[in-house]
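What follows is a short report on a single structure.
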Amino acid sequence: MAARPREIKLVIIGDSGVGKSSLVLRFVTQSFKPFSESTIGASFMSKVIELDGQTVKVQIWDTAGQEKYKSLAPMYYRGAAAAIVVYDITRRESFGTLQRWVSELQEKGPRDLRIMVAGNKKDLEGDRQVAAEEAEAYAESIGARYMETSAKDDMAVQDLFLSLCQQVPLVSP
Ligand code: GDP
Ligand code: MG
């Protein structure tokens, strides 16, 4: 019988400053640091979750500032089953960058990669520069789902990671 994979490699990608590390920190430790220092070197965190009664270890690869150079080492997404691509709803530029990251993933990433588009900083609704409908339409065009999150106020962060992991195909044991 097909089962959940025991481990899922999940990568999180997006412009510098959109809140990638904050989302990972919120998901893994249920906390938020207002002045998160940008990570140096590769950064890994993992969390054990339950999916339909089965235990799955999610290994999260967070970029270490190399997103500033607009290109990622292929080893970063090699073997990944899932990717969260993030932009900041208060910074339109980061939505454009997100689309470039998705193209790179589609060209060079694993064929079976499940992608989730995330609009972060939903708590700053008054400064919004990208309408939810626009991001939703884009996500649909690439066969992905769209969710809005706030790492700061803990809005939809668990749901973001869990529903993406749900989409990873089952394997035969
Ligand atoms: P990264 O470069 O993508 O890893 O972004 P960081 O996680 O380092 O966050 C960049 C800045 O945005 C930090 O000052 C965070 O405190 C802030 N930030 C992250 N997520 C949110 C959020 O949901 N709401 C608000 N208001 N600020 C956030
Ligand atoms: Mg970071």
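Ordering of the structure tokens sets the chain letters (A, B, ...), residue numbers begin anew at 1 in every chain, and ligands are numbered from 1 in the order given.
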
At a cut-off of 6 Å around ligand 1, and using only C-alpha atoms and all ligand atoms, what residues come up? Please write them as JSON, numbers by chain. {"A": [16, 17, 18, 19, 20, 21, 22, 33, 34, 35, 36, 38, 120, 121, 123, 124, 150, 151, 152]}

For the selection you just gave me, I'd like the residues written to a file as a CSV table (one decimal), in the first residue's frame, keeping C-alpha atoms.
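Everything below was put into result19.csv:
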chain,number,residue,atom,x,y,z
A,16,SER,CA,15.6,38.9,0.6
A,17,GLY,CA,13.5,40.4,3.4
A,18,VAL,CA,10.1,38.8,2.4
A,19,GLY,CA,10.1,36.8,5.7
A,20,LYS,CA,11.4,33.3,4.7
A,21,SER,CA,13.4,32.7,7.8
A,22,SER,CA,10.6,34.1,9.9
A,33,LYS,CA,12.0,37.6,16.2
A,34,PRO,CA,11.4,41.2,15.0
A,35,PHE,CA,15.1,41.7,13.9
A,36,SER,CA,16.1,38.4,12.4
A,38,SER,CA,20.2,37.3,7.7
A,120,ASN,CA,3.6,37.1,3.6
A,121,LYS,CA,3.2,40.1,5.9
A,123,ASP,CA,-0.7,41.9,9.0
A,124,LEU,CA,0.4,45.0,7.0
A,150,SER,CA,1.9,36.5,8.7
A,151,ALA,CA,4.9,35.1,10.4
A,152,LYS,CA,4.5,38.0,12.8

Using only C-alpha atoms, determine which residues lie at most 9 Å from A:Arg91, disregarding the query and same-chain residues fewer than 5 positions distant; provide the list as a PDB file with C-alpha atoms, in the first residue's frame.
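The resulting file, result_30.pdb, is reproduced below:
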ATOM      1  CA  VAL A  18      10.135  38.780   2.428  1.00  0.00           C
ATOM      2  CA  ASP A 127       0.463  48.806   2.811  1.00  0.00           C
ATOM      3  CA  ARG A 128      -0.609  46.101   0.379  1.00  0.00           C
ATOM      4  CA  GLN A 129       0.748  46.461  -3.180  1.00  0.00           C
ATOM      5  CA  VAL A 130      -0.439  43.189  -4.726  1.00  0.00           C
TER       6      VAL A 130
END

### Message
List as a list of chain:residue names the protein and nucleic acid residues near A:Leu164, meaning an atom at most 9 Å away when only C-alpha atoms are counted, but skip any in the same chain fewer than 6 places from it.
### Response
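Listing them by chain and then by number gives A:Ala82, A:Ala83, A:Ile84, A:Arg114, A:Ile115, A:Met116, A:Arg145.
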
Q.
Neighbouring residues of A:Val171 were defined as those with any atom within 7 Å, considering only C-alpha atoms; residues of the same chain fewer than 5 positions away were excluded. Please report them as a PyMOL selection string.
A. chain A and resi 2-5

Could you write those residues out with N, CA and C atoms, as a PDB file, in the first residue's frame?
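Writing the result to part04.pdb gives the following:
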ATOM      1  N   ALA A   2       0.459   2.250  -0.731  1.00  0.00           N
ATOM      2  CA  ALA A   2       1.244   3.486  -0.801  1.00  0.00           C
ATOM      3  C   ALA A   2       1.215   4.222   0.540  1.00  0.00           C
ATOM      4  N   ALA A   3       2.325   4.845   0.872  1.00  0.00           N
ATOM      5  CA  ALA A   3       2.429   5.530   2.166  1.00  0.00           C
ATOM      6  C   ALA A   3       3.046   6.916   1.984  1.00  0.00           C
ATOM      7  N   ARG A   4       2.944   7.707   3.005  1.00  0.00           N
ATOM      8  CA  ARG A   4       3.610   9.016   3.002  1.00  0.00           C
ATOM      9  C   ARG A   4       5.114   8.793   3.007  1.00  0.00           C
ATOM     10  N   PRO A   5       5.868   9.638   2.309  1.00  0.00           N
ATOM     11  CA  PRO A   5       7.326   9.523   2.448  1.00  0.00           C
ATOM     12  C   PRO A   5       7.723   9.813   3.894  1.00  0.00           C
TER      13      PRO A   5
END

Interatomic distance, atom CA of A:Lys57 to atom CA of A:Tyr76 (Å, one decimal):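 Going from atom CA of A:Lys57 over to atom CA of A:Tyr76 covers 17.9 Å.
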
(Q) I need the strand (DSSP E) residues of chain A per DSSP on the backbone, written as an MDAnalysis selection string. (A) chainID A and resid 7:14 43:51 54:62 82:88 114:120 145:148

Please identify all polymer residues within 12 Å of A:Ala132, counting only C-alpha atoms, omitting same-chain residues fewer than 2 positions from it, and present them as an NGL selection string.
-> :A and (87-90 or 92 or 95 or 117-120 or 122 or 125 or 128-130 or 134-139 or 145-149)

Restricting to only C-alpha atoms and all ligand atoms, whichever of A:Ile12, A:Asp52, A:Phe27, A:Thr63 is closest to ligand 2 is A:Thr63
